[in-house]
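Asker: Structure incoming, see below.
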Amino acid sequence: MRTGPSTEYPTMWIYRRERLPIKILARYKAWRKVEDPDGAQGWMHARLLSAARTAVVLGEKGQAQPLRANPRADAKTIWRVEPGVVGKITQCENGWCLFDVTGRRGYISKELIWGDEPLK
């Protein structure tokens, strides 16, 4: 992540965690102004980004969030995921997303994740 939309600008961050979700805030040629889950904003080249939708689980350490069998608050809890876990998301509707962490899938409330917005 750089301070501006060019390799001439200084590097702010080097991300090492794969599939970390980001939000795209603006575009300038092949560069995207992005925000990460911690609120850091800067510029990244588009070739460094993926269109795969991911999200990170929110909450306090030690407070696992439920993944449910169906997209309803009263559905059976089939898995629990810790805050900070990153997973793929699909089928986001009516406040719920299908969340996949290395093949373990279930529905999670959008209120419990960050990164559920599609890339612009």
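Each chain of the structure tokens is named A, B, ... in the order shown, its residues numbered from 1; ligands are numbered from 1 in display order.
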Write out as JSON, numbers by chain the residues lying within 8 Å of segment 75-86 of chain A, counting only C-alpha atoms and excluding same-chain residues fewer than 2 positions away.
Answerer: {"A": [19, 20, 21, 54, 55, 56, 57, 58, 59, 60, 61, 62, 63, 64, 65, 66, 67, 68, 69, 70, 71, 72, 73, 88, 101, 104, 105, 106]}
Asker: Quick one: everything within 10 Å of segment 6-13 of chain A, counting only C-alpha atoms, minus sequence neighbours fewer than 6 positions away in the same chain. Send it as a list in words.
Answerer: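 In the requested form, the answer reads Tyr28, Lys29, Ala30, Trp31, Ala40, Gln41, Gly42, Trp43, Met44 and His45 of chain A.
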Asker: Could you pull out all residues of chain A with a DSSP call of strand (DSSP E) and give them as a ChimeraX atom specification?
Answerer: /A:23-28,31-35,41-45,54-57,65-68,77-81,86-93,96-101,104-109,113-114
Asker: Next, dump the selected residues to file, keeping only N, CA and C atoms, as a short mmCIF file (atom, residue, chain, number, x, y, z; two decimals), in the first residue's frame.
Answerer:
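Once everything was written out, this is result-v1.cif:
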data_model
loop_
_atom_site.label_atom_id
_atom_site.label_comp_id
_atom_site.auth_asym_id
_atom_site.auth_seq_id
_atom_site.Cartn_x
_atom_site.Cartn_y
_atom_site.Cartn_z
N LYS A 23 -11.63 -2.59 0.88
CA LYS A 23 -12.71 -1.87 0.21
C LYS A 23 -12.06 -0.88 -0.75
N ILE A 24 -12.60 -0.80 -1.96
CA ILE A 24 -12.09 0.14 -2.94
C ILE A 24 -12.87 1.45 -2.78
N LEU A 25 -12.12 2.53 -2.56
CA LEU A 25 -12.72 3.84 -2.34
C LEU A 25 -12.67 4.73 -3.57
N ALA A 26 -11.63 4.56 -4.41
CA ALA A 26 -11.47 5.40 -5.60
C ALA A 26 -10.57 4.69 -6.60
N ARG A 27 -10.62 5.19 -7.84
CA ARG A 27 -9.78 4.66 -8.92
C ARG A 27 -9.02 5.80 -9.56
N TYR A 28 -7.78 5.51 -9.96
CA TYR A 28 -7.00 6.45 -10.76
C TYR A 28 -6.12 5.61 -11.67
N TRP A 31 -4.57 2.27 -10.62
CA TRP A 31 -4.43 2.30 -9.16
C TRP A 31 -5.78 2.38 -8.48
N ARG A 32 -5.86 1.79 -7.28
CA ARG A 32 -7.09 1.82 -6.49
C ARG A 32 -6.76 2.35 -5.10
N LYS A 33 -7.57 3.33 -4.66
CA LYS A 33 -7.45 3.77 -3.28
C LYS A 33 -8.27 2.79 -2.46
N VAL A 34 -7.65 2.19 -1.44
CA VAL A 34 -8.30 1.12 -0.70
C VAL A 34 -8.28 1.40 0.80
N GLU A 35 -9.15 0.67 1.49
CA GLU A 35 -9.17 0.70 2.96
C GLU A 35 -9.12 -0.74 3.45
N GLN A 41 -5.84 3.55 4.98
CA GLN A 41 -6.17 3.87 3.58
C GLN A 41 -4.89 4.20 2.82
N GLY A 42 -4.87 3.78 1.56
CA GLY A 42 -3.74 4.06 0.70
C GLY A 42 -4.03 3.55 -0.70
N TRP A 43 -3.00 3.51 -1.53
CA TRP A 43 -3.15 3.15 -2.94
C TRP A 43 -2.44 1.83 -3.25
N MET A 44 -3.11 1.00 -4.05
CA MET A 44 -2.53 -0.26 -4.50
C MET A 44 -2.77 -0.40 -5.99
N HIS A 45 -1.81 -1.01 -6.68
CA HIS A 45 -1.98 -1.27 -8.10
C HIS A 45 -3.04 -2.35 -8.29
N THR A 54 -13.93 -11.71 -0.08
CA THR A 54 -13.59 -12.26 1.22
C THR A 54 -14.06 -11.31 2.30
N ALA A 55 -14.09 -11.81 3.52
CA ALA A 55 -14.47 -11.00 4.68
C ALA A 55 -13.69 -11.50 5.88
N VAL A 56 -13.58 -10.65 6.88
CA VAL A 56 -12.93 -11.01 8.13
C VAL A 56 -13.98 -10.94 9.24
N VAL A 57 -13.93 -11.90 10.15
CA VAL A 57 -14.89 -11.97 11.25
C VAL A 57 -14.55 -10.91 12.29
N GLN A 65 -17.89 -16.48 16.68
CA GLN A 65 -19.17 -16.13 16.06
C GLN A 65 -19.77 -17.36 15.39
N PRO A 66 -21.09 -17.50 15.42
CA PRO A 66 -21.72 -18.69 14.84
C PRO A 66 -21.85 -18.65 13.32
N LEU A 67 -21.58 -19.80 12.70
CA LEU A 67 -21.95 -20.03 11.31
C LEU A 67 -23.17 -20.92 11.36
N ARG A 68 -24.22 -20.54 10.66
CA ARG A 68 -25.49 -21.23 10.78
C ARG A 68 -25.81 -22.07 9.54
N THR A 77 -26.58 -23.65 14.76
CA THR A 77 -25.17 -23.30 14.65
C THR A 77 -24.40 -24.56 14.27
N ILE A 78 -23.67 -24.50 13.14
CA ILE A 78 -22.93 -25.68 12.69
C ILE A 78 -21.42 -25.54 12.86
N TRP A 79 -20.93 -24.31 12.94
CA TRP A 79 -19.51 -24.03 13.17
C TRP A 79 -19.43 -22.75 13.98
N ARG A 80 -18.28 -22.51 14.54
CA ARG A 80 -17.98 -21.23 15.19
C ARG A 80 -16.64 -20.74 14.65
N VAL A 81 -16.54 -19.44 14.42
CA VAL A 81 -15.30 -18.86 13.89
C VAL A 81 -14.85 -17.72 14.80
N VAL A 86 -10.41 -15.09 8.22
CA VAL A 86 -10.77 -14.63 6.88
C VAL A 86 -11.36 -15.80 6.11
N GLY A 87 -12.46 -15.54 5.39
CA GLY A 87 -13.07 -16.57 4.58
C GLY A 87 -13.66 -15.99 3.31
N LYS A 88 -13.99 -16.88 2.38
CA LYS A 88 -14.66 -16.47 1.14
C LYS A 88 -16.13 -16.23 1.44
N ILE A 89 -16.72 -15.26 0.77
CA ILE A 89 -18.15 -15.02 0.93
C ILE A 89 -18.85 -15.07 -0.42
N THR A 90 -20.06 -15.63 -0.39
CA THR A 90 -20.92 -15.69 -1.57
C THR A 90 -22.36 -15.57 -1.07
N GLN A 91 -23.26 -15.46 -1.98
CA GLN A 91 -24.69 -15.48 -1.68
C GLN A 91 -25.07 -14.53 -0.55
N CYS A 92 -24.67 -13.27 -0.63
CA CYS A 92 -25.02 -12.29 0.39
C CYS A 92 -26.39 -11.70 0.07
N GLU A 93 -27.36 -12.01 0.92
CA GLU A 93 -28.72 -11.50 0.76
C GLU A 93 -29.39 -11.36 2.11
N TRP A 96 -27.35 -11.68 5.37
CA TRP A 96 -26.57 -12.90 5.62
C TRP A 96 -25.66 -13.19 4.43
N CYS A 97 -24.50 -13.81 4.71
CA CYS A 97 -23.59 -14.26 3.66
C CYS A 97 -23.19 -15.70 3.93
N LEU A 98 -23.03 -16.47 2.85
CA LEU A 98 -22.46 -17.81 2.96
C LEU A 98 -20.95 -17.62 3.10
N PHE A 99 -20.39 -18.12 4.19
CA PHE A 99 -18.99 -17.89 4.58
C PHE A 99 -18.26 -19.22 4.54
N ASP A 100 -17.14 -19.28 3.81
CA ASP A 100 -16.39 -20.52 3.63
C ASP A 100 -14.96 -20.33 4.14
N VAL A 101 -14.61 -21.15 5.13
CA VAL A 101 -13.25 -21.13 5.67
C VAL A 101 -12.67 -22.52 5.43
N ARG A 104 -15.17 -25.36 5.24
CA ARG A 104 -16.23 -25.36 6.25
C ARG A 104 -17.10 -24.15 6.00
N ARG A 105 -18.37 -24.43 5.67
CA ARG A 105 -19.26 -23.36 5.23
C ARG A 105 -20.48 -23.24 6.12
N GLY A 106 -20.95 -22.01 6.22
CA GLY A 106 -22.17 -21.73 6.94
C GLY A 106 -22.55 -20.28 6.72
N TYR A 107 -23.73 -19.92 7.16
CA TYR A 107 -24.20 -18.54 6.99
C TYR A 107 -23.83 -17.71 8.21
N ILE A 108 -23.38 -16.48 7.92
CA ILE A 108 -23.00 -15.56 8.99
C ILE A 108 -23.70 -14.23 8.75
N SER A 109 -24.12 -13.61 9.83
CA SER A 109 -24.77 -12.30 9.74
C SER A 109 -23.76 -11.27 9.22
N ILE A 113 -19.21 -9.46 10.14
CA ILE A 113 -18.06 -9.51 9.24
C ILE A 113 -17.76 -8.13 8.67
N TRP A 114 -16.53 -7.96 8.20
CA TRP A 114 -16.12 -6.75 7.49
C TRP A 114 -15.62 -7.19 6.13
#
Asker: Taking the backbone alone, and naming residues the way the document does, which bits of segment 3-112 of chain A are helix (DSSP H, G or I) by DSSP, as a ChimeraX atom specification?
Answerer: /A:46-48,110-112
Asker: Emit the selected residues as an mmCIF file, in the first residue's frame, including C-alpha atoms.
Answerer:
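Saved result, part10.cif, follows:
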data_model
loop_
_atom_site.group_PDB
_atom_site.id
_atom_site.type_symbol
_atom_site.label_atom_id
_atom_site.label_comp_id
_atom_site.auth_asym_id
_atom_site.auth_seq_id
_atom_site.Cartn_x
_atom_site.Cartn_y
_atom_site.Cartn_z
ATOM 1 C CA ALA A 46 -4.972 -3.149 -9.535
ATOM 2 C CA ARG A 47 -2.833 -6.175 -10.459
ATOM 3 C CA LEU A 48 -2.261 -6.781 -6.729
ATOM 4 C CA LYS A 110 -23.333 -9.331 7.803
ATOM 5 C CA GLU A 111 -23.127 -7.519 11.150
ATOM 6 C CA LEU A 112 -20.413 -9.978 12.230
#
Asker: If I take atom CA of Arg53 of chain A and atom CA of Arg16 of chain A, how far is one from the other in Å, to one decimal?
Answerer: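 Rounded to one decimal, the two atoms are 17.6 Å apart.
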Asker: Using atom CA of Asp38 of chain A and atom CA of Ile22 of chain A as the two end points, give the distance in Å to one decimal.
Answerer: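 Rounded to one decimal, the two atoms are 9.7 Å apart.
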